[in-house]
Amino acid sequence: MDITVIGRGHVGGGLARLWERAGHRVNGLGRDGGDASGADVVVVAVPGHTIAEALGKVTGLGGQVTIDTTNLYTARDDTFPSLAHQVKSIIGGPTAKSFSTVFAATYDRIAEQRVTPSNFYAAEPGAKEITAQLIRDAGYDPVFVGDLTPGARLLEDSSGLTRALAAQMGPFFYRYAAPGQL
Ligand SMILES: NC(=O)c1ccc[n+]([C@@H]2O[C@H](COP(=O)([O-])OP(=O)(O)OC[C@H]3O[C@@H](n4cnc5c(N)ncnc54)[C@H](OP(=O)(O)O)[C@@H]3O)[C@@H](O)[C@H]2O)c1
């Protein structure tokens with residue numbers, strides 16, 4: 001796939017490395033923006049409060065399948081039900097939320113784990129399959145939490161629990177499984 005990742009930091013840069021290793025072509029855009037017109041998938045990996053500014057510098061956005069990875073550490077703008085909905089209002093394509101509940105600091109250690117770590121995702125039907133595939137290609141087991149509404153907001157609202165756990169154990173993996181699968 002041709003993937004444009006907006007944000008070259010821990011998440012954007014890290015996912016770009018994982019997906020390139022899996023055989024995808026990644027176009028990483030930084031703060032100065034760039035062109036996303038050739039992308040099959042657009043991934044948003046900037047601070048949650050900078051979504052409008054960051055996407056405003058990117059040309060060629062229009063209807064691509066989109067994965068929003070963002071979290072928010074400032075007051076929420078209640079114009080949108082979630083950050084992922086804000087992203088969708090700009091790009092307009094089928095949208096998913098994922099990678100927001102896993103730690104970039106552990107990307108390089110996914111492959112050495114005894115069991116495949118889980119990664120939650122919420123997605124509209126048109127983004128579900130591609131997002132699950134890119135989660136697998138990054139090395140995780142995709143765990144679907146439901147459609148973008150209300151799934152994206154549920155994932156965003158779980159960031160407090162994630163931070164509380166990280167304060168106890170540092171960056172961590174998690175694994176969700178049905179009985180009999182562990
Ligand atoms: N780090 C994690 O483990 C983790 C996990 C889950 C979710 N997240 C979420 O993922 C997103 C990215 O996190 P990160 O850790 O990758 O952050 P980061 O390392 O600070 O990288 C942020 C990226 O966004 C760019 N950026 C910052 N302000 C911008 C602006 N006003 N306009 C355009 N681009 C801007 C930065 O550009 P420059 O390089 O030019 O500064 C950088 O490329 C955040 O929403 C975060 O909450 C992070």
# chains A, B, ... in the order shown; residues from 1 in each chain; ligands from 1
>>> residues_near_ligand(ligand="ligand 1", cutoff="6 Å", atoms="only C-alpha atoms and all ligand atoms", output="PyMOL selection string")
chain A and resi 7-12+30-31+45-48+50+53-54+69-72+99-105
>>> write_last_selection(atoms="C-alpha atoms", output="mmCIF file, in the first residue's frame")
data_model
loop_
_atom_site.group_PDB
_atom_site.id
_atom_site.type_symbol
_atom_site.label_atom_id
_atom_site.label_comp_id
_atom_site.auth_asym_id
_atom_site.auth_seq_id
_atom_site.Cartn_x
_atom_site.Cartn_y
_atom_site.Cartn_z
ATOM 1 C CA GLY A 7 3.644 13.357 11.738
ATOM 2 C CA ARG A 8 7.214 12.082 11.861
ATOM 3 C CA GLY A 9 7.567 11.737 15.618
ATOM 4 C CA HIS A 10 7.526 8.688 17.863
ATOM 5 C CA VAL A 11 4.289 7.282 16.435
ATOM 6 C CA GLY A 12 4.527 8.499 12.828
ATOM 7 C CA GLY A 30 6.346 16.641 8.968
ATOM 8 C CA ARG A 31 5.324 19.997 10.303
ATOM 9 C CA ALA A 45 0.076 11.085 14.054
ATOM 10 C CA VAL A 46 0.277 14.645 15.396
ATOM 11 C CA PRO A 47 -0.690 16.060 18.809
ATOM 12 C CA GLY A 48 -4.505 16.032 19.082
ATOM 13 C CA THR A 50 -2.866 20.393 16.215
ATOM 14 C CA GLU A 53 -3.263 23.061 11.644
ATOM 15 C CA ALA A 54 -1.315 19.956 10.602
ATOM 16 C CA THR A 69 -3.770 7.711 16.107
ATOM 17 C CA THR A 70 -4.115 10.882 18.161
ATOM 18 C CA ASN A 71 -4.712 11.542 21.825
ATOM 19 C CA LEU A 72 -5.475 14.851 23.492
ATOM 20 C CA PHE A 99 -2.519 2.882 17.689
ATOM 21 C CA SER A 100 -3.767 5.388 20.289
ATOM 22 C CA THR A 101 -3.689 2.800 23.110
ATOM 23 C CA VAL A 102 -0.264 1.273 22.377
ATOM 24 C CA PHE A 103 3.150 2.745 23.084
ATOM 25 C CA ALA A 104 5.556 3.883 20.392
ATOM 26 C CA ALA A 105 8.389 3.161 22.837
#
>>> residues_around(residues="segment 148-156 of chain A", least_positions_apart="3", cutoff="8 Å", atoms="only C-alpha atoms", output="short mmCIF file (atom, residue, chain, number, x, y, z; two decimals) with N, CA and C atoms, in the first residue's frame")
data_model
loop_
_atom_site.label_atom_id
_atom_site.label_comp_id
_atom_site.auth_asym_id
_atom_site.auth_seq_id
_atom_site.Cartn_x
_atom_site.Cartn_y
_atom_site.Cartn_z
N ASN A 71 -4.13 11.33 20.51
CA ASN A 71 -4.71 11.54 21.83
C ASN A 71 -4.65 13.03 22.13
N LEU A 72 -5.36 13.43 23.18
CA LEU A 72 -5.48 14.85 23.49
C LEU A 72 -5.10 15.10 24.95
N PRO A 81 -17.53 14.64 18.02
CA PRO A 81 -17.64 13.61 19.04
C PRO A 81 -16.31 12.99 19.43
N SER A 82 -15.32 13.07 18.53
CA SER A 82 -14.00 12.51 18.84
C SER A 82 -12.97 13.20 17.95
N LEU A 83 -11.71 13.01 18.26
CA LEU A 83 -10.63 13.52 17.39
C LEU A 83 -10.71 12.86 16.02
N ALA A 84 -11.06 11.59 16.01
CA ALA A 84 -11.17 10.87 14.73
C ALA A 84 -12.27 11.48 13.86
N HIS A 85 -13.35 11.92 14.49
CA HIS A 85 -14.42 12.58 13.71
C HIS A 85 -13.93 13.93 13.17
N THR A 95 -13.02 6.13 7.98
CA THR A 95 -12.04 6.48 9.02
C THR A 95 -12.02 5.45 10.14
N ALA A 96 -10.82 5.27 10.68
CA ALA A 96 -10.61 4.37 11.82
C ALA A 96 -9.78 5.08 12.88
N LYS A 97 -9.85 4.55 14.08
CA LYS A 97 -8.98 5.01 15.16
C LYS A 97 -8.18 3.81 15.63
N SER A 100 -3.70 4.36 19.25
CA SER A 100 -3.77 5.39 20.29
C SER A 100 -3.65 4.78 21.68
N THR A 101 -3.76 3.45 21.79
CA THR A 101 -3.69 2.80 23.11
C THR A 101 -2.45 1.90 23.24
N PHE A 120 -6.24 -2.17 20.00
CA PHE A 120 -7.65 -1.85 19.77
C PHE A 120 -7.82 -0.99 18.52
N TYR A 121 -8.93 -1.19 17.84
CA TYR A 121 -9.30 -0.26 16.79
C TYR A 121 -10.82 -0.13 16.69
N ALA A 122 -11.23 1.09 16.33
CA ALA A 122 -12.62 1.38 16.00
C ALA A 122 -12.61 1.80 14.54
N ALA A 123 -13.62 1.42 13.78
CA ALA A 123 -13.56 1.75 12.36
C ALA A 123 -14.94 1.77 11.72
N GLU A 124 -15.07 2.68 10.76
CA GLU A 124 -16.22 2.63 9.87
C GLU A 124 -16.04 1.42 8.95
N VAL A 145 -13.29 -2.75 18.42
CA VAL A 145 -14.16 -2.29 19.51
C VAL A 145 -15.49 -1.77 18.98
N SER A 159 -7.49 6.96 27.65
CA SER A 159 -6.08 7.35 27.77
C SER A 159 -5.68 7.59 29.23
#
>>> select_by_dssp(residues="chain A", states="strand (DSSP E)", output="number ranges by chain")
A: 2-6, 25-29, 34-35, 41-44, 58-59, 65-68, 95-98, 118-123, 141-146
>>> write_last_selection(atoms="N, CA and C atoms", output="mmCIF file, in the first residue's frame")
data_model
loop_
_atom_site.group_PDB
_atom_site.id
_atom_site.type_symbol
_atom_site.label_atom_id
_atom_site.label_comp_id
_atom_site.auth_asym_id
_atom_site.auth_seq_id
_atom_site.Cartn_x
_atom_site.Cartn_y
_atom_site.Cartn_z
ATOM 1 N N ASP A 2 0.339 2.325 -0.527
ATOM 2 C CA ASP A 2 0.986 3.635 -0.411
ATOM 3 C C ASP A 2 0.357 4.344 0.781
ATOM 4 N N ILE A 3 1.187 4.607 1.797
ATOM 5 C CA ILE A 3 0.684 5.171 3.053
ATOM 6 C C ILE A 3 1.325 6.536 3.265
ATOM 7 N N THR A 4 0.512 7.558 3.445
ATOM 8 C CA THR A 4 1.041 8.859 3.854
ATOM 9 C C THR A 4 0.816 9.000 5.348
ATOM 10 N N VAL A 5 1.914 9.207 6.087
ATOM 11 C CA VAL A 5 1.828 9.381 7.534
ATOM 12 C C VAL A 5 2.093 10.852 7.843
ATOM 13 N N ILE A 6 1.117 11.502 8.454
ATOM 14 C CA ILE A 6 1.258 12.920 8.804
ATOM 15 C C ILE A 6 1.746 12.974 10.255
ATOM 16 N N ARG A 25 4.954 1.197 1.007
ATOM 17 C CA ARG A 25 5.655 2.453 0.670
ATOM 18 C C ARG A 25 5.085 3.555 1.548
ATOM 19 N N VAL A 26 5.962 4.235 2.294
ATOM 20 C CA VAL A 26 5.488 5.245 3.244
ATOM 21 C C VAL A 26 6.045 6.614 2.885
ATOM 22 N N ASN A 27 5.136 7.580 2.839
ATOM 23 C CA ASN A 27 5.485 8.973 2.600
ATOM 24 C C ASN A 27 5.263 9.700 3.939
ATOM 25 N N GLY A 28 6.346 10.051 4.614
ATOM 26 C CA GLY A 28 6.227 10.690 5.926
ATOM 27 C C GLY A 28 6.252 12.206 5.800
ATOM 28 N N LEU A 29 5.209 12.863 6.307
ATOM 29 C CA LEU A 29 5.135 14.327 6.223
ATOM 30 C C LEU A 29 5.311 14.935 7.617
ATOM 31 N N GLY A 34 2.906 18.721 2.992
ATOM 32 C CA GLY A 34 3.326 18.040 1.762
ATOM 33 C C GLY A 34 2.092 17.548 1.029
ATOM 34 N N ASP A 35 2.310 16.564 0.149
ATOM 35 C CA ASP A 35 1.222 16.113 -0.723
ATOM 36 C C ASP A 35 0.837 14.671 -0.407
ATOM 37 N N VAL A 41 -3.869 5.176 1.899
ATOM 38 C CA VAL A 41 -4.244 5.342 3.310
ATOM 39 C C VAL A 41 -3.506 6.553 3.868
ATOM 40 N N VAL A 42 -4.207 7.359 4.654
ATOM 41 C CA VAL A 42 -3.581 8.485 5.357
ATOM 42 C C VAL A 42 -3.629 8.186 6.852
ATOM 43 N N VAL A 43 -2.491 8.350 7.509
ATOM 44 C CA VAL A 43 -2.404 8.102 8.953
ATOM 45 C C VAL A 43 -2.052 9.420 9.640
ATOM 46 N N VAL A 44 -2.811 9.772 10.654
ATOM 47 C CA VAL A 44 -2.612 11.055 11.342
ATOM 48 C C VAL A 44 -1.942 10.796 12.689
ATOM 49 N N VAL A 58 -1.425 20.012 4.378
ATOM 50 C CA VAL A 58 -1.265 18.858 3.488
ATOM 51 C C VAL A 58 -2.220 18.998 2.304
ATOM 52 N N THR A 59 -1.681 18.922 1.101
ATOM 53 C CA THR A 59 -2.516 18.962 -0.102
ATOM 54 C C THR A 59 -2.869 17.530 -0.516
ATOM 55 N N VAL A 65 -8.934 6.375 2.772
ATOM 56 C CA VAL A 65 -9.064 5.647 4.030
ATOM 57 C C VAL A 65 -8.089 6.278 5.026
ATOM 58 N N THR A 66 -8.563 6.509 6.245
ATOM 59 C CA THR A 66 -7.784 7.280 7.220
ATOM 60 C C THR A 66 -7.708 6.544 8.548
ATOM 61 N N ILE A 67 -6.512 6.554 9.130
ATOM 62 C CA ILE A 67 -6.351 6.023 10.494
ATOM 63 C C ILE A 67 -5.855 7.154 11.379
ATOM 64 N N ASP A 68 -6.643 7.468 12.390
ATOM 65 C CA ASP A 68 -6.277 8.511 13.339
ATOM 66 C C ASP A 68 -5.663 7.858 14.583
ATOM 67 N N THR A 95 -13.016 6.132 7.981
ATOM 68 C CA THR A 95 -12.044 6.481 9.025
ATOM 69 C C THR A 95 -12.025 5.452 10.143
ATOM 70 N N ALA A 96 -10.818 5.270 10.684
ATOM 71 C CA ALA A 96 -10.611 4.367 11.818
ATOM 72 C C ALA A 96 -9.784 5.076 12.879
ATOM 73 N N LYS A 97 -9.853 4.551 14.077
ATOM 74 C CA LYS A 97 -8.981 5.008 15.160
ATOM 75 C C LYS A 97 -8.185 3.810 15.629
ATOM 76 N N SER A 98 -6.875 3.942 15.672
ATOM 77 C CA SER A 98 -6.046 2.865 16.225
ATOM 78 C C SER A 98 -4.675 3.398 16.594
ATOM 79 N N SER A 118 -2.081 -7.169 21.600
ATOM 80 C CA SER A 118 -3.301 -6.648 20.996
ATOM 81 C C SER A 118 -3.158 -5.165 20.677
ATOM 82 N N ASN A 119 -4.020 -4.689 19.813
ATOM 83 C CA ASN A 119 -4.124 -3.262 19.502
ATOM 84 C C ASN A 119 -5.587 -2.985 19.168
ATOM 85 N N PHE A 120 -6.242 -2.174 19.998
ATOM 86 C CA PHE A 120 -7.648 -1.847 19.765
ATOM 87 C C PHE A 120 -7.818 -0.989 18.520
ATOM 88 N N TYR A 121 -8.934 -1.195 17.840
ATOM 89 C CA TYR A 121 -9.305 -0.257 16.787
ATOM 90 C C TYR A 121 -10.816 -0.133 16.691
ATOM 91 N N ALA A 122 -11.225 1.092 16.330
ATOM 92 C CA ALA A 122 -12.625 1.381 16.002
ATOM 93 C C ALA A 122 -12.614 1.803 14.545
ATOM 94 N N ALA A 123 -13.624 1.417 13.778
ATOM 95 C CA ALA A 123 -13.563 1.745 12.355
ATOM 96 C C ALA A 123 -14.939 1.766 11.715
ATOM 97 N N ASP A 141 -2.075 -7.867 17.086
ATOM 98 C CA ASP A 141 -3.325 -8.564 16.841
ATOM 99 C C ASP A 141 -4.455 -7.532 16.938
ATOM 100 N N PRO A 142 -5.201 -7.286 15.855
ATOM 101 C CA PRO A 142 -6.247 -6.272 15.909
ATOM 102 C C PRO A 142 -7.438 -6.705 16.756
ATOM 103 N N VAL A 143 -7.900 -5.844 17.645
ATOM 104 C CA VAL A 143 -9.097 -6.111 18.460
ATOM 105 C C VAL A 143 -10.101 -5.008 18.160
ATOM 106 N N PHE A 144 -11.207 -5.410 17.512
ATOM 107 C CA PHE A 144 -12.204 -4.435 17.054
ATOM 108 C C PHE A 144 -13.117 -4.049 18.204
ATOM 109 N N VAL A 145 -13.286 -2.747 18.425
ATOM 110 C CA VAL A 145 -14.164 -2.294 19.511
ATOM 111 C C VAL A 145 -15.492 -1.772 18.984
ATOM 112 N N GLY A 146 -15.643 -1.688 17.652
ATOM 113 C CA GLY A 146 -16.916 -1.249 17.087
ATOM 114 C C GLY A 146 -16.722 -0.106 16.105
#
>>> atom_distance(atom1="atom CA of Gly38 of chain A", atom2="atom CA of Tyr140 of chain A")
26.0 Å
>>> atom_distance(atom1="atom CA of Pro94 of chain A", atom2="atom CA of Leu61 of chain A")
12.5 Å
>>> residues_around(residues="Asp137 of chain A", least_positions_apart="2", cutoff="10 Å", atoms="only C-alpha atoms", output="list in words")
Leu15, Leu18, Trp19, Glu20, Arg21, Ala22, Gly23, His24, Thr131, Ala132, Gln133, Leu134, Ile135, Gly139, Tyr140 and Asp141 of chain A
>>> closest_residue(among="A:Thr79, A:Gln113, A:Gln64, A:Ser37", to="Phe172 of chain A", atoms="only C-alpha atoms")
A:Gln113
